[in-house]
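Coordinates as given in my_file.txt (compact mmCIF, N, CA and C atoms):
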```txt
# COMPACT_ATOMS: atom_id res chain seq x y z
N MET A 1 16.86 -25.46 -69.86
CA MET A 1 15.44 -25.51 -69.67
C MET A 1 15.12 -26.13 -68.32
N ASN A 2 15.27 -25.37 -67.30
CA ASN A 2 14.99 -25.79 -65.94
C ASN A 2 13.56 -25.38 -65.62
N PHE A 3 12.79 -26.30 -65.09
CA PHE A 3 11.39 -26.01 -64.82
C PHE A 3 11.17 -25.28 -63.52
N GLY A 4 12.22 -24.84 -62.88
CA GLY A 4 12.12 -23.98 -61.72
C GLY A 4 11.75 -24.70 -60.44
N LEU A 5 11.93 -26.00 -60.39
CA LEU A 5 11.59 -26.71 -59.17
C LEU A 5 12.65 -26.52 -58.10
N ASN A 6 13.87 -26.28 -58.51
CA ASN A 6 14.95 -26.07 -57.56
C ASN A 6 15.88 -25.02 -58.17
N GLY A 7 16.14 -23.98 -57.44
CA GLY A 7 16.96 -22.90 -57.95
C GLY A 7 18.43 -23.26 -58.09
N LEU A 8 18.91 -24.33 -57.47
CA LEU A 8 20.32 -24.69 -57.52
C LEU A 8 20.66 -25.62 -58.68
N GLY A 9 19.76 -25.85 -59.56
CA GLY A 9 20.03 -26.73 -60.70
C GLY A 9 19.69 -28.17 -60.44
N GLY A 10 19.04 -28.47 -59.34
CA GLY A 10 18.69 -29.84 -59.01
C GLY A 10 17.30 -30.21 -59.48
N GLY A 11 16.64 -29.33 -60.21
CA GLY A 11 15.28 -29.59 -60.65
C GLY A 11 15.25 -30.42 -61.92
N LEU A 12 14.09 -30.52 -62.52
CA LEU A 12 13.92 -31.26 -63.75
C LEU A 12 14.50 -30.46 -64.91
N SER A 13 15.28 -31.14 -65.72
CA SER A 13 15.77 -30.50 -66.94
C SER A 13 15.54 -31.45 -68.10
N PHE A 14 15.51 -30.90 -69.28
CA PHE A 14 15.26 -31.70 -70.46
C PHE A 14 16.32 -32.78 -70.64
N MET A 15 17.57 -32.48 -70.33
CA MET A 15 18.66 -33.43 -70.49
C MET A 15 18.53 -34.58 -69.48
N ARG A 16 18.10 -34.29 -68.27
CA ARG A 16 17.91 -35.36 -67.28
C ARG A 16 16.77 -36.27 -67.67
N ILE A 17 15.69 -35.70 -68.20
CA ILE A 17 14.55 -36.51 -68.63
C ILE A 17 14.98 -37.41 -69.78
N LEU A 18 15.71 -36.87 -70.74
CA LEU A 18 16.18 -37.68 -71.87
C LEU A 18 17.13 -38.77 -71.39
N GLY A 19 17.99 -38.48 -70.44
CA GLY A 19 18.91 -39.49 -69.90
C GLY A 19 18.17 -40.62 -69.22
N SER A 20 17.15 -40.29 -68.45
CA SER A 20 16.35 -41.32 -67.77
C SER A 20 15.59 -42.18 -68.77
N ILE A 21 15.04 -41.54 -69.80
CA ILE A 21 14.32 -42.30 -70.82
C ILE A 21 15.28 -43.22 -71.56
N SER A 22 16.48 -42.74 -71.84
CA SER A 22 17.47 -43.56 -72.53
C SER A 22 17.87 -44.78 -71.69
N LYS A 23 18.08 -44.58 -70.41
CA LYS A 23 18.42 -45.71 -69.53
C LYS A 23 17.27 -46.72 -69.47
N THR A 24 16.05 -46.23 -69.37
CA THR A 24 14.88 -47.10 -69.31
C THR A 24 14.75 -47.92 -70.59
N LEU A 25 14.93 -47.28 -71.73
CA LEU A 25 14.85 -48.00 -73.00
C LEU A 25 15.96 -49.04 -73.13
N GLY A 26 17.16 -48.74 -72.61
CA GLY A 26 18.24 -49.72 -72.63
C GLY A 26 17.89 -50.96 -71.82
N ILE A 27 17.28 -50.75 -70.66
CA ILE A 27 16.87 -51.89 -69.83
C ILE A 27 15.77 -52.68 -70.52
N VAL A 28 14.81 -52.00 -71.15
CA VAL A 28 13.72 -52.68 -71.85
C VAL A 28 14.27 -53.50 -73.00
N ARG A 29 15.25 -52.98 -73.71
CA ARG A 29 15.86 -53.72 -74.82
C ARG A 29 16.56 -54.99 -74.34
N GLN A 30 17.09 -54.98 -73.14
CA GLN A 30 17.75 -56.17 -72.60
C GLN A 30 16.72 -57.18 -72.07
N VAL A 31 15.65 -56.71 -71.50
CA VAL A 31 14.67 -57.59 -70.86
C VAL A 31 13.70 -58.18 -71.88
N ALA A 32 13.38 -57.47 -72.94
CA ALA A 32 12.37 -57.93 -73.90
C ALA A 32 12.71 -59.28 -74.52
N PRO A 33 13.94 -59.55 -74.98
CA PRO A 33 14.22 -60.89 -75.53
C PRO A 33 14.12 -62.00 -74.48
N LEU A 34 14.51 -61.68 -73.25
CA LEU A 34 14.38 -62.68 -72.18
C LEU A 34 12.91 -63.02 -71.94
N TYR A 35 12.08 -62.00 -71.93
CA TYR A 35 10.65 -62.22 -71.72
C TYR A 35 10.05 -63.04 -72.86
N GLN A 36 10.45 -62.76 -74.08
CA GLN A 36 9.93 -63.51 -75.22
C GLN A 36 10.34 -64.98 -75.15
N ASN A 37 11.54 -65.27 -74.64
CA ASN A 37 11.98 -66.66 -74.51
C ASN A 37 11.26 -67.39 -73.38
N VAL A 38 10.93 -66.69 -72.32
CA VAL A 38 10.32 -67.30 -71.15
C VAL A 38 8.80 -67.35 -71.26
N LYS A 39 8.22 -66.53 -72.10
CA LYS A 39 6.76 -66.44 -72.21
C LYS A 39 6.09 -67.78 -72.50
N PRO A 40 6.59 -68.63 -73.42
CA PRO A 40 5.93 -69.93 -73.63
C PRO A 40 5.99 -70.83 -72.40
N LEU A 41 7.08 -70.76 -71.67
CA LEU A 41 7.18 -71.57 -70.45
C LEU A 41 6.17 -71.13 -69.41
N LEU A 42 6.02 -69.82 -69.27
CA LEU A 42 5.07 -69.31 -68.28
C LEU A 42 3.63 -69.61 -68.68
N SER A 43 3.34 -69.60 -69.98
CA SER A 43 1.97 -69.86 -70.39
C SER A 43 1.60 -71.33 -70.21
N LYS A 44 2.58 -72.24 -70.26
CA LYS A 44 2.30 -73.67 -70.12
C LYS A 44 2.57 -74.19 -68.70
N ALA A 45 2.93 -73.32 -67.79
CA ALA A 45 3.22 -73.74 -66.42
C ALA A 45 2.02 -74.39 -65.73
N PRO A 46 0.80 -73.87 -65.86
CA PRO A 46 -0.34 -74.56 -65.20
C PRO A 46 -0.55 -75.98 -65.71
N GLN A 47 -0.39 -76.19 -67.02
CA GLN A 47 -0.54 -77.54 -67.57
C GLN A 47 0.54 -78.46 -67.03
N PHE A 48 1.76 -77.94 -66.93
CA PHE A 48 2.87 -78.74 -66.42
C PHE A 48 2.61 -79.15 -64.97
N LEU A 49 2.17 -78.21 -64.16
CA LEU A 49 1.89 -78.52 -62.75
C LEU A 49 0.73 -79.51 -62.62
N ALA A 50 -0.27 -79.39 -63.49
CA ALA A 50 -1.39 -80.34 -63.46
C ALA A 50 -0.90 -81.75 -63.80
N ARG A 51 0.00 -81.86 -64.77
CA ARG A 51 0.54 -83.18 -65.11
C ARG A 51 1.36 -83.76 -63.98
N ILE A 52 2.15 -82.93 -63.32
CA ILE A 52 2.95 -83.40 -62.18
C ILE A 52 2.02 -83.92 -61.08
N ASN A 53 0.95 -83.18 -60.80
CA ASN A 53 0.01 -83.62 -59.77
C ASN A 53 -0.68 -84.91 -60.16
N SER A 54 -1.02 -85.06 -61.45
CA SER A 54 -1.68 -86.30 -61.87
C SER A 54 -0.70 -87.48 -61.79
N LEU A 55 0.57 -87.25 -62.12
CA LEU A 55 1.56 -88.32 -61.98
C LEU A 55 1.75 -88.71 -60.53
N ARG A 56 1.74 -87.72 -59.66
CA ARG A 56 1.88 -88.00 -58.23
C ARG A 56 0.70 -88.83 -57.74
N GLY A 57 -0.50 -88.49 -58.19
CA GLY A 57 -1.69 -89.25 -57.80
C GLY A 57 -1.65 -90.67 -58.34
N MET A 58 -1.17 -90.82 -59.58
CA MET A 58 -1.08 -92.17 -60.16
C MET A 58 -0.06 -93.01 -59.40
N ALA A 59 1.03 -92.40 -58.98
CA ALA A 59 2.04 -93.16 -58.24
C ALA A 59 1.49 -93.61 -56.89
N GLN A 60 0.73 -92.76 -56.24
CA GLN A 60 0.17 -93.13 -54.94
C GLN A 60 -0.88 -94.24 -55.08
N THR A 61 -1.70 -94.17 -56.13
CA THR A 61 -2.70 -95.23 -56.31
C THR A 61 -2.05 -96.54 -56.71
N SER A 62 -0.99 -96.48 -57.49
CA SER A 62 -0.32 -97.73 -57.87
C SER A 62 0.36 -98.36 -56.66
N ARG A 63 0.88 -97.53 -55.76
CA ARG A 63 1.49 -98.08 -54.54
C ARG A 63 0.43 -98.73 -53.66
N SER A 64 -0.73 -98.10 -53.58
CA SER A 64 -1.77 -98.67 -52.72
C SER A 64 -2.35 -99.94 -53.34
N ASN A 65 -2.37 -100.03 -54.67
CA ASN A 65 -2.89 -101.22 -55.33
C ASN A 65 -1.89 -102.37 -55.32
N LEU A 66 -0.64 -102.05 -55.13
CA LEU A 66 0.40 -103.08 -55.14
C LEU A 66 0.42 -103.75 -53.77
N ALA A 67 0.05 -104.99 -53.74
CA ALA A 67 0.03 -105.73 -52.49
C ALA A 67 1.02 -106.88 -52.61
N LEU A 68 1.95 -106.92 -51.73
CA LEU A 68 2.92 -108.01 -51.72
C LEU A 68 2.31 -109.21 -51.02
N PRO A 69 2.48 -110.37 -51.59
CA PRO A 69 1.91 -111.55 -50.93
C PRO A 69 2.65 -111.86 -49.64
N VAL A 70 1.88 -112.17 -48.64
CA VAL A 70 2.46 -112.50 -47.35
C VAL A 70 2.45 -114.01 -47.22
N LYS A 71 3.60 -114.57 -46.97
CA LYS A 71 3.71 -116.02 -46.85
C LYS A 71 4.07 -116.35 -45.40
N ASN A 72 3.30 -117.20 -44.82
CA ASN A 72 3.58 -117.61 -43.46
C ASN A 72 4.77 -118.57 -43.45
N VAL A 73 5.72 -118.25 -42.62
CA VAL A 73 6.92 -119.08 -42.52
C VAL A 73 6.77 -119.97 -41.29
N THR A 74 6.90 -121.24 -41.52
CA THR A 74 6.82 -122.19 -40.42
C THR A 74 8.18 -122.86 -40.25
N ASN A 75 8.29 -123.67 -39.23
CA ASN A 75 9.56 -124.35 -38.97
C ASN A 75 9.93 -125.29 -40.11
N SER A 76 8.96 -125.94 -40.70
CA SER A 76 9.28 -126.85 -41.80
C SER A 76 9.78 -126.07 -43.01
N ASN A 77 9.21 -124.87 -43.24
CA ASN A 77 9.69 -124.04 -44.35
C ASN A 77 11.12 -123.56 -44.09
N LEU A 78 11.42 -123.25 -42.84
CA LEU A 78 12.78 -122.81 -42.51
C LEU A 78 13.79 -123.92 -42.76
N LYS A 79 13.43 -125.15 -42.42
CA LYS A 79 14.35 -126.26 -42.64
C LYS A 79 14.59 -126.46 -44.13
N GLU A 80 13.55 -126.30 -44.95
CA GLU A 80 13.72 -126.44 -46.39
C GLU A 80 14.64 -125.33 -46.92
N LEU A 81 14.46 -124.13 -46.40
CA LEU A 81 15.31 -123.02 -46.84
C LEU A 81 16.76 -123.23 -46.41
N GLU A 82 16.97 -123.78 -45.23
CA GLU A 82 18.33 -124.04 -44.78
C GLU A 82 19.01 -125.08 -45.64
N ASN A 83 18.25 -126.05 -46.14
CA ASN A 83 18.83 -127.05 -47.03
C ASN A 83 19.20 -126.45 -48.38
N ILE A 84 18.41 -125.47 -48.83
CA ILE A 84 18.68 -124.85 -50.13
C ILE A 84 19.89 -123.93 -50.06
N VAL A 85 19.95 -123.12 -49.02
CA VAL A 85 21.03 -122.14 -48.89
C VAL A 85 22.26 -122.83 -48.32
N THR A 86 23.37 -122.67 -48.99
CA THR A 86 24.63 -123.23 -48.48
C THR A 86 25.54 -122.08 -48.09
N TYR A 87 26.14 -122.23 -46.98
CA TYR A 87 27.05 -121.19 -46.48
C TYR A 87 28.48 -121.63 -46.70
N GLN A 88 29.30 -120.67 -47.10
CA GLN A 88 30.73 -120.94 -47.22
C GLN A 88 31.42 -120.19 -46.10
N SER A 89 32.02 -120.93 -45.24
CA SER A 89 32.73 -120.28 -44.13
C SER A 89 34.22 -120.65 -44.22
N ASP A 90 34.83 -120.28 -45.34
CA ASP A 90 36.24 -120.62 -45.53
C ASP A 90 37.13 -119.43 -45.16
N GLY A 91 36.66 -118.52 -44.37
CA GLY A 91 37.50 -117.43 -43.92
C GLY A 91 37.25 -116.12 -44.66
N GLY A 92 36.23 -116.01 -45.48
CA GLY A 92 35.91 -114.76 -46.14
C GLY A 92 36.20 -114.80 -47.62
N PRO A 93 35.95 -113.71 -48.31
CA PRO A 93 36.13 -113.69 -49.76
C PRO A 93 37.59 -113.60 -50.16
N VAL A 94 37.88 -114.11 -51.33
CA VAL A 94 39.23 -114.05 -51.89
C VAL A 94 39.18 -113.11 -53.09
N PHE A 95 39.90 -112.00 -53.00
CA PHE A 95 39.88 -111.03 -54.07
C PHE A 95 40.95 -111.32 -55.13
N PHE A 96 42.11 -111.79 -54.70
CA PHE A 96 43.21 -112.05 -55.62
C PHE A 96 43.64 -113.50 -55.46
N GLN A 97 43.89 -114.16 -56.55
CA GLN A 97 44.35 -115.56 -56.47
C GLN A 97 45.73 -115.67 -57.05
```
Could you show the structure in this file as structure tokens?
Amino acid sequence: MNFGLNGLGGGLSFMRILGSISKTLGIVRQVAPLYQNVKPLLSKAPQFLARINSLRGMAQTSRSNLALPVKNVTNSNLKELENIVTYQSDGGPVFFQ
């Protein structure tokens, strides 16, 4: 059953149409379960991105609200710190005794 599009047998035939439909249905059968598994993720993607953006905004505001106290260091404070900190200069650390 050649529809006469090409006299050399290169035209449309019923067997070629059935073969193409069969290949297409095979691909659809493979893709359909994947789509069903991914569909919930795709439907909730905007909510997920909105939450990520809100978390990013909260992190930036918490960083800006966090203020570290600045303490002025004077010479008298340095002397007190030097008395507190003791240095060991016995030649370095000992790993094995």
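Relative to atom N of Leu41 (chain A), atom N of Thr24 (chain A) is found at 26.2 Å.
Taking atom C of Lys44 (chain A) as the reference point, atom C of Leu25 (chain A) is found at 28.8 Å.
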Distance in Å - atom N of Ala50 (chain A) versus CA of Leu34 (chain A): 23.9 Å
